[in-house]
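Containing compact mmCIF, C-alpha atoms: upload-v2.txt.
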# COMPACT_ATOMS: atom_id res chain seq x y z
CA MET A 1 -182.43 -54.95 -152.43
CA ARG A 2 -184.88 -57.86 -152.27
CA PRO A 3 -183.25 -61.05 -150.99
CA GLN A 4 -184.67 -63.17 -153.82
CA ASP A 5 -183.30 -60.82 -156.51
CA ALA A 6 -179.70 -60.78 -155.33
CA PRO A 7 -178.29 -64.05 -154.02
CA HIS A 8 -174.69 -62.80 -154.32
CA GLU A 9 -175.48 -59.72 -152.21
CA ILE A 10 -177.22 -61.83 -149.60
CA GLU A 11 -173.94 -63.66 -149.07
CA ASP A 12 -172.31 -60.34 -148.10
CA VAL A 13 -175.21 -59.54 -145.78
CA TRP A 14 -174.92 -62.95 -144.18
CA ARG A 15 -171.19 -62.38 -143.57
CA LEU A 16 -171.66 -58.88 -142.10
CA LEU A 17 -174.39 -60.16 -139.77
CA ALA A 18 -172.25 -63.12 -138.72
CA ASP A 19 -169.41 -60.72 -137.81
CA ARG A 20 -171.86 -59.06 -135.40
CA GLN A 21 -173.09 -62.42 -134.02
CA LEU A 22 -176.39 -62.08 -135.85
CA GLU A 23 -178.24 -64.41 -138.17
CA LEU A 24 -180.14 -63.68 -141.35
CA ASP A 25 -183.89 -63.50 -140.71
CA THR A 26 -185.64 -65.26 -143.57
CA ARG A 27 -188.77 -63.12 -143.28
CA VAL A 28 -186.96 -59.91 -144.31
CA GLU A 29 -188.62 -58.63 -147.49
CA ILE A 30 -186.15 -55.94 -148.45
CA PHE A 31 -182.70 -54.75 -147.35
CA VAL A 32 -180.98 -51.40 -147.31
CA LEU A 33 -177.27 -51.92 -148.03
CA CYS A 34 -174.47 -49.46 -147.57
CA ARG A 35 -171.25 -50.07 -149.51
CA THR A 36 -167.97 -48.26 -149.78
CA LYS A 37 -165.72 -49.16 -152.75
CA GLY A 38 -167.85 -52.25 -153.23
CA ARG A 39 -167.48 -53.47 -149.69
CA LEU A 40 -170.64 -53.91 -147.58
CA ILE A 41 -170.30 -51.87 -144.37
CA ALA A 42 -173.87 -51.59 -143.10
CA CYS A 43 -177.24 -53.25 -143.63
CA GLY A 44 -180.75 -53.27 -142.26
CA GLY A 45 -183.91 -55.10 -143.31
CA LEU A 46 -187.67 -54.66 -143.28
CA ASP A 47 -190.23 -57.36 -142.54
CA ARG A 48 -193.41 -55.36 -143.09
CA LYS A 49 -193.53 -53.06 -140.03
CA VAL A 50 -190.55 -54.55 -138.23
CA ILE A 51 -186.94 -53.41 -138.77
CA LYS A 52 -184.58 -56.39 -138.57
CA CYS A 53 -181.02 -57.49 -139.13
CA VAL A 54 -179.35 -54.14 -138.50
CA ALA A 55 -175.54 -54.33 -138.56
CA VAL A 56 -172.69 -51.87 -139.07
CA ALA A 57 -169.09 -53.01 -139.65
CA PRO A 58 -167.06 -52.41 -136.45
CA GLU A 59 -164.67 -49.84 -137.98
CA TYR A 60 -167.68 -47.75 -139.12
CA SER A 61 -169.65 -48.06 -135.93
CA GLY A 62 -169.55 -44.31 -135.17
CA GLN A 63 -172.98 -42.68 -134.96
CA SER A 64 -173.26 -41.06 -138.36
CA LEU A 65 -173.42 -44.13 -140.61
CA SER A 66 -176.04 -45.70 -138.39
CA LEU A 67 -178.19 -42.56 -138.56
CA ARG A 68 -177.93 -42.55 -142.35
CA LEU A 69 -178.96 -46.21 -142.39
CA GLY A 70 -181.87 -45.52 -140.03
CA SER A 71 -183.09 -42.63 -142.19
CA GLU A 72 -182.99 -44.80 -145.31
CA LEU A 73 -184.85 -47.66 -143.61
CA ILE A 74 -187.57 -45.36 -142.27
CA ALA A 75 -187.97 -43.64 -145.67
CA LEU A 76 -188.12 -47.03 -147.42
CA ALA A 77 -190.75 -48.26 -144.96
CA ALA A 78 -192.79 -45.08 -145.56
CA ALA A 79 -192.57 -45.60 -149.32
CA ARG A 80 -193.95 -49.11 -148.70
CA GLY A 81 -196.84 -47.67 -146.67
CA GLN A 82 -195.48 -48.55 -143.22
CA PHE A 83 -195.25 -45.60 -140.83
CA HIS A 84 -195.72 -47.28 -137.48
CA LEU A 85 -192.52 -49.30 -137.06
CA PHE A 86 -191.16 -51.68 -134.47
CA LEU A 87 -187.80 -53.21 -133.76
CA TYR A 88 -186.43 -55.83 -131.44
CA SER A 89 -182.90 -55.44 -130.22
CA ALA A 90 -180.46 -56.48 -127.56
CA PRO A 91 -181.06 -54.13 -124.59
CA TYR A 92 -177.53 -52.64 -124.85
CA ASN A 93 -178.47 -51.10 -128.22
CA ARG A 94 -181.24 -49.03 -126.67
CA GLU A 95 -179.49 -45.68 -127.10
CA LEU A 96 -178.53 -46.35 -130.69
CA PHE A 97 -182.16 -46.94 -131.66
CA GLN A 98 -183.41 -44.06 -129.53
CA GLY A 99 -181.29 -41.96 -131.89
CA TRP A 100 -183.47 -43.39 -134.69
CA GLY A 101 -186.59 -42.01 -133.00
CA PHE A 102 -187.58 -45.31 -131.40
CA TYR A 103 -188.96 -45.56 -127.86
CA PRO A 104 -188.76 -48.56 -125.50
CA LEU A 105 -192.04 -50.46 -125.07
CA VAL A 106 -191.09 -53.48 -123.02
CA GLU A 107 -187.95 -55.41 -122.09
CA VAL A 108 -187.07 -58.95 -121.15
CA PRO A 109 -184.02 -58.15 -119.00
CA ARG A 110 -180.66 -58.90 -120.64
CA LEU A 111 -182.30 -60.59 -123.64
CA VAL A 112 -184.53 -58.41 -125.76
CA LEU A 113 -186.03 -54.95 -125.95
CA LEU A 114 -189.06 -54.07 -128.07
CA MET A 115 -189.18 -50.48 -129.35
CA GLU A 116 -191.61 -48.52 -131.55
CA ASN A 117 -191.08 -45.31 -133.49
CA SER A 118 -193.63 -43.24 -131.62
CA PRO A 119 -193.60 -41.71 -128.15
CA VAL A 120 -197.41 -41.65 -128.03
CA ALA A 121 -198.80 -44.66 -129.95
CA ILE A 122 -199.06 -47.12 -127.04
CA GLN A 123 -200.68 -44.44 -124.88
CA THR A 124 -203.21 -43.64 -127.60
CA TYR A 125 -204.02 -47.33 -127.94
CA CYS A 126 -204.46 -47.77 -124.18
CA ASP A 127 -206.70 -44.67 -124.07
CA SER A 128 -208.95 -46.25 -126.68
CA LEU A 129 -209.08 -49.46 -124.61
CA ARG A 130 -209.88 -47.47 -121.47
CA SER A 131 -213.08 -46.24 -123.07
CA LYS A 132 -214.22 -49.90 -123.19
CA ARG A 133 -213.44 -50.56 -119.56
CA ARG A 134 -216.12 -52.25 -117.43
CA ALA A 135 -216.48 -52.00 -113.70
CA GLY A 136 -216.23 -55.15 -111.59
CA ASN A 137 -213.93 -57.77 -110.18
CA PRO A 138 -212.83 -60.20 -111.43
CA ILE A 139 -212.40 -58.92 -114.97
CA GLY A 140 -211.19 -61.67 -117.29
CA CYS A 141 -209.38 -61.77 -120.59
CA ALA A 142 -208.55 -64.39 -123.21
CA VAL A 143 -206.37 -63.98 -126.30
CA LEU A 144 -207.27 -66.30 -129.18
CA ASN A 145 -205.62 -67.06 -132.47
CA ALA A 146 -208.75 -69.06 -133.40
CA ASN A 147 -207.26 -70.69 -136.47
CA PRO A 148 -210.17 -71.57 -136.78
CA PHE A 149 -212.69 -71.02 -133.93
CA THR A 150 -213.69 -74.37 -132.37
CA LEU A 151 -216.06 -75.66 -129.70
CA GLY A 152 -212.96 -75.70 -127.50
CA HIS A 153 -212.73 -71.90 -127.71
CA ARG A 154 -216.45 -71.62 -127.06
CA PHE A 155 -216.15 -73.84 -123.99
CA LEU A 156 -213.20 -71.82 -122.65
CA LEU A 157 -215.04 -68.51 -123.07
CA GLU A 158 -218.26 -69.81 -121.50
CA ARG A 159 -216.38 -71.11 -118.48
CA ALA A 160 -214.40 -67.87 -118.15
CA ALA A 161 -217.45 -65.62 -118.55
CA ALA A 162 -219.25 -67.59 -115.82
CA GLN A 163 -216.41 -66.79 -113.39
CA CYS A 164 -216.04 -63.08 -114.21
CA GLU A 165 -218.07 -59.91 -114.06
CA TRP A 166 -216.84 -59.08 -117.54
CA MET A 167 -214.71 -60.83 -120.19
CA HIS A 168 -212.49 -59.14 -122.78
CA VAL A 169 -211.50 -61.24 -125.79
CA PHE A 170 -208.74 -60.40 -128.26
CA VAL A 171 -207.98 -62.07 -131.58
CA VAL A 172 -204.33 -62.22 -132.70
CA GLN A 173 -204.11 -59.86 -135.65
CA GLU A 174 -200.98 -60.89 -137.49
CA ASP A 175 -201.63 -62.88 -140.63
CA ALA A 176 -199.28 -65.78 -140.07
CA SER A 177 -201.98 -68.45 -139.85
CA THR A 178 -203.87 -70.72 -142.24
CA PHE A 179 -206.89 -68.43 -142.07
CA SER A 180 -206.66 -64.67 -142.43
CA TYR A 181 -207.28 -62.27 -139.57
CA SER A 182 -210.61 -61.07 -140.99
CA GLU A 183 -211.77 -64.69 -141.42
CA ARG A 184 -210.67 -65.65 -137.91
CA PHE A 185 -212.23 -62.52 -136.39
CA ALA A 186 -215.56 -63.12 -138.15
CA LEU A 187 -215.65 -66.73 -136.90
CA VAL A 188 -215.00 -65.60 -133.32
CA ALA A 189 -217.69 -62.90 -133.59
CA GLN A 190 -220.18 -65.59 -134.70
CA GLY A 191 -218.95 -68.19 -132.25
CA ILE A 192 -219.33 -66.05 -129.12
CA GLN A 193 -222.97 -65.16 -129.72
CA GLY A 194 -225.10 -65.73 -126.66
CA ILE A 195 -222.24 -65.39 -124.15
CA ARG A 196 -223.16 -62.47 -121.91
CA ARG A 197 -220.91 -59.80 -120.40
CA LEU A 198 -218.22 -60.18 -123.03
CA THR A 199 -216.46 -57.65 -125.30
CA LEU A 200 -214.69 -58.79 -128.46
CA HIS A 201 -211.73 -56.53 -129.32
CA GLU A 202 -209.86 -56.16 -132.57
CA GLY A 203 -206.29 -57.42 -132.38
CA SER A 204 -203.49 -54.87 -132.36
CA ASP A 205 -199.78 -54.47 -132.96
CA TYR A 206 -199.34 -54.96 -129.23
CA ILE A 207 -200.41 -58.61 -129.18
CA ILE A 208 -197.41 -60.34 -130.66
CA SER A 209 -197.70 -63.52 -132.67
CA ARG A 210 -194.99 -66.16 -132.18
CA ALA A 211 -194.80 -66.51 -135.94
CA THR A 212 -193.55 -62.96 -136.44
CA PHE A 213 -191.26 -62.70 -133.43
CA PRO A 214 -187.67 -62.58 -134.68
CA GLY A 215 -185.20 -64.93 -133.06
CA TYR A 216 -182.16 -64.23 -135.19
CA PHE A 217 -180.19 -62.52 -132.43
CA LEU A 218 -181.03 -65.01 -129.70
CA LYS A 219 -179.62 -68.23 -131.21
CA ASP A 220 -181.18 -70.85 -129.01
CA LYS A 221 -184.79 -71.86 -129.73
CA VAL A 222 -185.67 -72.19 -126.04
CA VAL A 223 -184.39 -68.64 -125.44
CA VAL A 224 -186.39 -67.38 -128.43
CA ASP A 225 -189.62 -68.91 -127.12
CA HIS A 226 -188.92 -67.58 -123.64
CA SER A 227 -188.20 -64.07 -124.97
CA TRP A 228 -191.27 -63.94 -127.19
CA ALA A 229 -193.47 -65.01 -124.28
CA GLY A 230 -191.84 -62.36 -122.08
CA ILE A 231 -192.37 -59.55 -124.60
CA ASP A 232 -195.96 -60.52 -125.41
CA LEU A 233 -196.98 -61.12 -121.79
CA LEU A 234 -195.23 -58.08 -120.27
CA LEU A 235 -196.87 -55.84 -122.89
CA PHE A 236 -200.17 -57.34 -121.80
CA ARG A 237 -199.47 -56.95 -118.11
CA GLU A 238 -197.98 -53.45 -118.24
CA HIS A 239 -200.20 -51.79 -120.83
CA ILE A 240 -203.32 -53.68 -121.94
CA ALA A 241 -204.42 -55.17 -118.60
CA PRO A 242 -204.21 -51.91 -116.58
CA ALA A 243 -206.16 -50.03 -119.28
CA LEU A 244 -209.05 -52.50 -119.08
CA GLY A 245 -208.71 -53.37 -115.39
CA ILE A 246 -208.08 -57.04 -116.21
CA THR A 247 -207.41 -59.22 -113.16
CA HIS A 248 -207.51 -62.74 -114.64
CA ARG A 249 -206.16 -64.23 -117.84
CA PHE A 250 -207.84 -67.43 -119.07
CA VAL A 251 -206.14 -70.07 -121.17
CA GLY A 252 -206.91 -73.64 -122.20
CA THR A 253 -204.70 -76.51 -121.03
CA GLU A 254 -202.45 -77.61 -123.85
CA PRO A 255 -201.93 -81.36 -124.08
CA LEU A 256 -201.01 -81.48 -127.78
CA ASP A 257 -198.64 -78.65 -128.64
CA THR A 258 -195.40 -78.15 -126.67
CA ILE A 259 -194.80 -74.52 -127.71
CA THR A 260 -198.23 -73.52 -126.41
CA SER A 261 -197.79 -75.70 -123.36
CA ASN A 262 -194.55 -73.93 -122.43
CA TYR A 263 -196.30 -70.62 -123.10
CA ASN A 264 -198.85 -71.47 -120.42
CA VAL A 265 -196.00 -72.01 -117.95
CA ASP A 266 -194.37 -68.74 -119.05
CA MET A 267 -197.70 -67.03 -118.53
CA ARG A 268 -197.61 -67.62 -114.77
CA ASN A 269 -194.09 -66.33 -114.63
CA TRP A 270 -194.51 -63.10 -116.63
CA LEU A 271 -198.07 -62.19 -115.61
CA ARG A 272 -197.76 -63.03 -111.93
CA ASP A 273 -194.26 -63.79 -110.57
CA ALA A 274 -191.80 -61.69 -112.57
CA PRO A 275 -190.86 -58.29 -111.11
CA SER A 276 -192.86 -55.56 -112.82
CA GLY A 277 -194.26 -52.13 -112.08
CA ALA A 278 -197.72 -53.45 -112.99
CA PRO A 279 -199.98 -55.48 -110.69
CA ALA A 280 -199.88 -59.29 -110.91
CA ILE A 281 -202.56 -61.02 -112.98
CA SER A 282 -203.97 -64.42 -112.04
CA VAL A 283 -203.68 -67.11 -114.67
CA VAL A 284 -206.58 -69.55 -114.88
CA GLU A 285 -206.03 -72.71 -116.86
CA VAL A 286 -209.31 -74.18 -118.05
CA PRO A 287 -209.21 -77.91 -118.88
CA ARG A 288 -209.64 -78.37 -122.60
CA ALA A 289 -212.99 -79.63 -123.83
CA SER A 290 -212.75 -83.19 -125.23
CA ILE A 291 -214.85 -85.35 -127.46
CA ASN A 292 -214.52 -89.12 -127.07
CA GLY A 293 -211.48 -88.53 -124.89
CA ARG A 294 -209.67 -86.46 -127.56
CA PRO A 295 -209.05 -82.79 -126.80
CA ILE A 296 -210.61 -80.33 -129.24
CA SER A 297 -207.99 -78.18 -130.91
CA ALA A 298 -207.73 -75.90 -133.92
CA SER A 299 -204.72 -77.88 -135.18
CA ALA A 300 -206.81 -81.09 -135.13
CA VAL A 301 -209.46 -79.27 -137.18
CA ARG A 302 -206.87 -78.12 -139.74
CA LYS A 303 -205.57 -81.67 -140.05
CA LEU A 304 -209.08 -83.03 -140.63
CA LEU A 305 -209.71 -80.27 -143.14
CA ALA A 306 -206.67 -81.34 -145.13
CA GLU A 307 -208.19 -84.85 -145.17
CA GLY A 308 -211.62 -83.44 -146.09
CA ASP A 309 -213.21 -85.24 -143.13
CA PHE A 310 -216.22 -83.03 -142.47
CA ASP A 311 -218.03 -85.65 -140.38
CA ALA A 312 -215.26 -85.41 -137.81
CA ILE A 313 -214.94 -81.62 -138.11
CA GLN A 314 -218.64 -81.21 -137.46
CA ARG A 315 -218.16 -82.52 -133.93
CA LEU A 316 -215.34 -80.06 -133.15
CA VAL A 317 -216.62 -76.70 -134.42
CA PRO A 318 -219.75 -74.55 -134.09
CA PRO A 319 -222.13 -74.33 -137.10
CA GLY A 320 -220.67 -70.97 -138.26
CA THR A 321 -217.14 -72.35 -138.52
CA LEU A 322 -218.40 -75.53 -140.21
CA LYS A 323 -220.26 -73.55 -142.85
CA PHE A 324 -217.22 -71.33 -143.47
CA LEU A 325 -214.90 -74.35 -143.84
CA GLN A 326 -217.31 -76.10 -146.20
CA THR A 327 -217.55 -73.01 -148.39
CA LYS A 328 -213.81 -72.47 -148.40
CA TYR A 329 -213.12 -76.15 -149.03
CA ALA A 330 -215.58 -76.20 -151.94
CA ALA A 331 -213.91 -73.12 -153.41
CA ALA A 332 -210.49 -74.74 -153.06
CA LEU A 333 -211.73 -77.95 -154.72
CA ALA A 334 -213.19 -75.97 -157.58
CA ALA A 335 -209.88 -74.14 -157.96
CA GLY A 336 -208.21 -77.51 -158.42
CA GLY A 337 -206.49 -78.13 -155.12
CA VAL A 338 -206.93 -78.21 -151.39
CA GLU A 339 -204.51 -76.28 -149.29
CA ARG A 340 -202.62 -78.59 -146.96
CA ALA A 341 -202.76 -77.07 -143.50
CA MET B 1 -205.97 -28.19 -141.96
CA LYS B 2 -206.13 -31.73 -140.60
CA ILE B 3 -203.62 -34.54 -140.76
CA THR B 4 -205.56 -37.26 -142.53
CA LYS B 5 -202.82 -39.81 -143.24
CA PRO B 6 -199.40 -40.65 -141.83
CA ALA B 7 -196.39 -38.98 -143.44
CA ILE B 8 -192.72 -38.25 -142.75
CA ALA B 9 -190.18 -35.67 -143.83
CA GLY B 10 -186.47 -35.24 -143.13
CA THR B 11 -183.69 -37.49 -141.91
CA LEU B 12 -182.00 -38.46 -138.65
CA GLU B 13 -178.65 -37.04 -139.69
CA SER B 14 -176.79 -34.34 -137.82
CA SER B 15 -178.19 -30.79 -138.30
CA ASP B 16 -181.40 -32.19 -139.75
CA LEU B 17 -184.63 -33.43 -138.19
CA MET B 18 -187.28 -36.04 -138.90
CA VAL B 19 -190.92 -35.02 -138.64
CA LYS B 20 -193.62 -37.69 -138.38
CA VAL B 21 -197.28 -36.76 -138.59
CA THR B 22 -200.28 -39.05 -138.00
CA PRO B 23 -204.04 -38.48 -137.70
CA ASN B 24 -205.10 -37.81 -134.10
CA GLN B 25 -207.90 -40.09 -132.89
CA ASN B 26 -209.24 -37.55 -130.41
CA GLY B 27 -209.43 -34.70 -132.90
CA MET B 28 -206.71 -32.77 -131.13
CA LEU B 29 -203.37 -31.28 -132.08
CA GLU B 30 -200.60 -33.05 -130.20
CA VAL B 31 -196.93 -32.13 -130.61
CA VAL B 32 -194.01 -34.10 -129.17
CA VAL B 33 -190.45 -32.86 -129.58
CA ARG B 34 -187.26 -34.74 -128.84
CA SER B 35 -184.02 -32.92 -129.46
CA GLU B 36 -180.36 -33.48 -128.79
CA VAL B 37 -180.16 -29.82 -127.83
CA ILE B 38 -183.44 -29.58 -125.92
CA LYS B 39 -181.74 -28.09 -122.86
CA GLN B 40 -180.14 -25.21 -124.74
CA PHE B 41 -182.70 -24.55 -127.47
CA GLY B 42 -185.88 -26.45 -126.52
CA LYS B 43 -188.05 -23.34 -126.19
CA GLN B 44 -186.87 -21.86 -129.48
CA ILE B 45 -187.36 -25.17 -131.35
CA ARG B 46 -190.82 -25.54 -129.92
CA ARG B 47 -191.70 -21.97 -130.91
CA VAL B 48 -190.62 -22.51 -134.54
CA ILE B 49 -192.68 -25.70 -134.73
CA ASP B 50 -195.76 -24.12 -133.15
CA ASP B 51 -195.49 -21.03 -135.40
CA THR B 52 -195.18 -23.18 -138.51
CA LEU B 53 -198.18 -25.31 -137.51
CA SER B 54 -200.31 -22.29 -136.74
CA LYS B 55 -199.42 -20.57 -140.04
CA LEU B 56 -200.50 -23.75 -141.81
CA GLU B 57 -203.64 -23.66 -139.64
CA VAL B 58 -203.16 -27.25 -138.53
CA SER B 59 -205.98 -28.01 -136.10
CA GLU B 60 -205.80 -31.80 -135.84
CA GLY B 61 -203.01 -34.32 -135.86
CA THR B 62 -200.11 -35.83 -133.95
CA VAL B 63 -196.74 -34.31 -134.80
CA VAL B 64 -193.55 -35.99 -133.57
CA VAL B 65 -190.23 -34.24 -134.12
CA GLU B 66 -186.84 -35.95 -133.75
CA ASP B 67 -184.42 -33.05 -133.90
CA LYS B 68 -180.70 -33.48 -134.50
CA GLY B 69 -179.70 -29.88 -134.00
CA ALA B 70 -181.36 -28.37 -137.08
CA LEU B 71 -181.48 -24.61 -137.76
CA ASP B 72 -184.82 -22.79 -137.65
CA TYR B 73 -185.50 -22.71 -141.38
CA ALA B 74 -184.74 -26.43 -141.68
CA ILE B 75 -187.25 -27.10 -138.91
CA GLN B 76 -189.81 -24.91 -140.65
CA ALA B 77 -189.30 -26.59 -144.03
CA ARG B 78 -189.45 -30.15 -142.66
CA VAL B 79 -192.59 -29.45 -140.61
CA GLN B 80 -194.26 -27.88 -143.67
CA ALA B 81 -193.31 -30.83 -145.88
CA ALA B 82 -194.60 -33.44 -143.43
CA VAL B 83 -197.86 -31.56 -142.82
CA LEU B 84 -198.52 -31.08 -146.55
CA ARG B 85 -197.94 -34.78 -147.22
CA GLY B 86 -200.12 -35.77 -144.29
CA ALA B 87 -202.96 -33.42 -145.14
CA GLY B 88 -203.39 -34.56 -148.74
CA SER B 89 -203.72 -32.01 -151.53
CA GLU B 90 -204.92 -28.77 -150.00
CA LYS B 91 -204.07 -25.45 -151.56
CA LEU B 92 -201.46 -23.36 -149.84
CA ASN B 93 -200.74 -19.70 -149.44
CA TRP B 94 -196.95 -19.80 -149.61
CA GLU B 95 -196.52 -16.11 -148.82
CA GLN B 96 -198.35 -16.52 -145.57
CA LEU B 97 -195.94 -19.27 -144.56
CA SER B 98 -192.73 -17.29 -144.78
Please express the file's structure as structure tokens.
Amino acid sequence: MRPQDAPHEIEDVWRLLADRQLELDTRVEIFVLCRTKGRLIACGGLDRKVIKCVAVAPEYSGQSLSLRLGSELIALAAARGQFHLFLYSAPYNRELFQGWGFYPLVEVPRLVLLMENSPVAIQTYCDSLRSKRRAGNPIGCAVLNANPFTLGHRFLLERAAAQCEWMHVFVVQEDASTFSYSERFALVAQGIQGIRRLTLHEGSDYIISRATFPGYFLKDKVVVDHSWAGIDLLLFREHIAPALGITHRFVGTEPLDTITSNYNVDMRNWLRDAPSGAPAISVVEVPRASINGRPISASAVRKLLAEGDFDAIQRLVPPGTLKFLQTKYAAALAAGGVERA
Amino acid sequence: MKITKPAIAGTLESSDLMVKVTPNQNGMLEVVVRSEVIKQFGKQIRRVIDDTLSKLEVSEGTVVVEDKGALDYAIQARVQAAVLRGAGSEKLNWEQLS
């Protein structure tokens, strides 16, 4: 059942979720519903490769209905071309979802557990990273959304590369930004030219975008942000960093955006201070590059783009990004409208 | 035969099993089995899976089995189905598989 096709059914889903102290996640594309004599007794949703909003009515919460639901969700995902699946759950549901063939990846204690439906996928991914490992110390890393790539990113990477024997750069893969992943990746690839001792990596399912992290079972926005940061950063610390031998994580200071600013604080906690089986990683905050006293940021560029102010944009982005934006903007004008960022 | 695309077969329900196959990046055959009855019947389950894969001449792929206490012929049928889906449209000698 697609939410948009069945408003009356969504009301039932909403009620069943509420009974289990869950909220409806608005990104769910399709639901599997289980009814008996018309009454909704179990549901589960898919948001691309993530299973969400799983609930079973209390009087049916024996194992067998849940396994039927899990089978249907996995088969539906496969029919939609998604075989590598993830789910976020409260840690006390670990065993239930292990019965679905999911394996724990990383946990923020007492709050959230991330699982995937393969016992080998993360290992395979880390093995492929290991083949790109470089000797040396320090080994740095930066993760960019680059929406789009600016002179600020360039400045950060130059400063980081100067302090490290090798730099690894990742681009967030999930398409929840103004510009698509392939556009953002191409701009980064252009923008880093000339910086030595640097490897640009494709994004992966293991670098989690805030935009796709579900918060429906955590209620409070502060807790959601904290949990997302914990999942994303612990995955980095426990899997990605050891595979590449990363010792330092570089990040720009964030004077404009409070979510990102809190993330930088969380970074020190999860990468360095929090208890973990993996070694601590140093966090290096690089002061943001400014022009005329105003920090350069991708959000400022998007705002200027919406205003069509290319004179101002020109001062904030490298030539490759400028050319891309001009082309895209011209195409949007020709199509009769400019996308408001 | 090689697994060239991801595929699944089966369910998670009691007495059944779910088989997931994916291409293997290192060109190897990797088999992972999880079963609710691994302590009693792990060896036997593993033997049925390995026999089925070798009769199908599967040389490359990752095969993950979530077993819920299925009988041998169910295991055989689910493994065959997942492999055939994951290997595309290759011709099969059914008699050889029995």
Show me which bits of chain B are within 12 Å of chain A, counting only C-alpha atoms, as a ChimeraX atom specification. /B:5-26,28,30-36,62-68,82,85-86
Let's have the selection written as an mmCIF file, in the frame of the given file, with C-alpha atoms.
data_model
loop_
_atom_site.group_PDB
_atom_site.id
_atom_site.type_symbol
_atom_site.label_atom_id
_atom_site.label_comp_id
_atom_site.auth_asym_id
_atom_site.auth_seq_id
_atom_site.Cartn_x
_atom_site.Cartn_y
_atom_site.Cartn_z
ATOM 1 C CA LYS B 5 -202.820 -39.810 -143.240
ATOM 2 C CA PRO B 6 -199.400 -40.650 -141.830
ATOM 3 C CA ALA B 7 -196.390 -38.980 -143.440
ATOM 4 C CA ILE B 8 -192.720 -38.250 -142.750
ATOM 5 C CA ALA B 9 -190.180 -35.670 -143.830
ATOM 6 C CA GLY B 10 -186.470 -35.240 -143.130
ATOM 7 C CA THR B 11 -183.690 -37.490 -141.910
ATOM 8 C CA LEU B 12 -182.000 -38.460 -138.650
ATOM 9 C CA GLU B 13 -178.650 -37.040 -139.690
ATOM 10 C CA SER B 14 -176.790 -34.340 -137.820
ATOM 11 C CA SER B 15 -178.190 -30.790 -138.300
ATOM 12 C CA ASP B 16 -181.400 -32.190 -139.750
ATOM 13 C CA LEU B 17 -184.630 -33.430 -138.190
ATOM 14 C CA MET B 18 -187.280 -36.040 -138.900
ATOM 15 C CA VAL B 19 -190.920 -35.020 -138.640
ATOM 16 C CA LYS B 20 -193.620 -37.690 -138.380
ATOM 17 C CA VAL B 21 -197.280 -36.760 -138.590
ATOM 18 C CA THR B 22 -200.280 -39.050 -138.000
ATOM 19 C CA PRO B 23 -204.040 -38.480 -137.700
ATOM 20 C CA ASN B 24 -205.100 -37.810 -134.100
ATOM 21 C CA GLN B 25 -207.900 -40.090 -132.890
ATOM 22 C CA ASN B 26 -209.240 -37.550 -130.410
ATOM 23 C CA MET B 28 -206.710 -32.770 -131.130
ATOM 24 C CA GLU B 30 -200.600 -33.050 -130.200
ATOM 25 C CA VAL B 31 -196.930 -32.130 -130.610
ATOM 26 C CA VAL B 32 -194.010 -34.100 -129.170
ATOM 27 C CA VAL B 33 -190.450 -32.860 -129.580
ATOM 28 C CA ARG B 34 -187.260 -34.740 -128.840
ATOM 29 C CA SER B 35 -184.020 -32.920 -129.460
ATOM 30 C CA GLU B 36 -180.360 -33.480 -128.790
ATOM 31 C CA THR B 62 -200.110 -35.830 -133.950
ATOM 32 C CA VAL B 63 -196.740 -34.310 -134.800
ATOM 33 C CA VAL B 64 -193.550 -35.990 -133.570
ATOM 34 C CA VAL B 65 -190.230 -34.240 -134.120
ATOM 35 C CA GLU B 66 -186.840 -35.950 -133.750
ATOM 36 C CA ASP B 67 -184.420 -33.050 -133.900
ATOM 37 C CA LYS B 68 -180.700 -33.480 -134.500
ATOM 38 C CA ALA B 82 -194.600 -33.440 -143.430
ATOM 39 C CA ARG B 85 -197.940 -34.780 -147.220
ATOM 40 C CA GLY B 86 -200.120 -35.770 -144.290
#
Tell me, as a PyMOL selection string, which residues lie within 6 Å of region 139-146 of chain A, counting only C-alpha atoms; anything in the same chain fewer than 6 positions away does not count. chain A and resi 164-172+184+246-250
Of the residues A:Leu325, A:Cys126, A:Leu114, A:Ile192, which is the one nearest to Arg154 (chain A), using only C-alpha atoms?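 Among the listed residues, A:Ile192 lies closest to Arg154 (chain A).
Of the listed residues A:Phe217, A:Thr321, A:Ile30, A:Ile41, the one whose atoms come nearest to Phe185 (chain A) is A:Thr321, with distances taken using all atoms listed in the file.
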With all atoms listed in the file as the basis for distance, which of A:Asp309, A:Glu238, A:Asp47, A:Asp25 is at the shortest distance from Ala280 (chain A)?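 Distance minimum relative to Ala280 (chain A) lands on A:Glu238.
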Taking only C-alpha atoms into account, name the residue in A:Arg196, A:Arg210, A:Arg130, A:Arg48 that is nearest to His226 (chain A).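 Smallest separation from His226 (chain A) among the options: A:Arg210.
What separates CA of Arg110 (chain A) from CA of Pro91 (chain A) is a distance of 6.2 Å.
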Residues near Val37 (chain B), anyone? I mean within 10 Å using only C-alpha atoms, not counting same-chain ones fewer than 4 positions away, as a PDB file with C-alpha atoms, in the frame of the given file.
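Result file follows (selection_18.pdb):
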ATOM      1  CA  PHE B  41    -182.700 -24.550-127.470  1.00  0.00           C
ATOM      2  CA  GLY B  42    -185.880 -26.450-126.520  1.00  0.00           C
ATOM      3  CA  ILE B  45    -187.360 -25.170-131.350  1.00  0.00           C
ATOM      4  CA  ASP B  67    -184.420 -33.050-133.900  1.00  0.00           C
ATOM      5  CA  LYS B  68    -180.700 -33.480-134.500  1.00  0.00           C
ATOM      6  CA  GLY B  69    -179.700 -29.880-134.000  1.00  0.00           C
ATOM      7  CA  ALA B  70    -181.360 -28.370-137.080  1.00  0.00           C
TER       8      ALA B  70
END
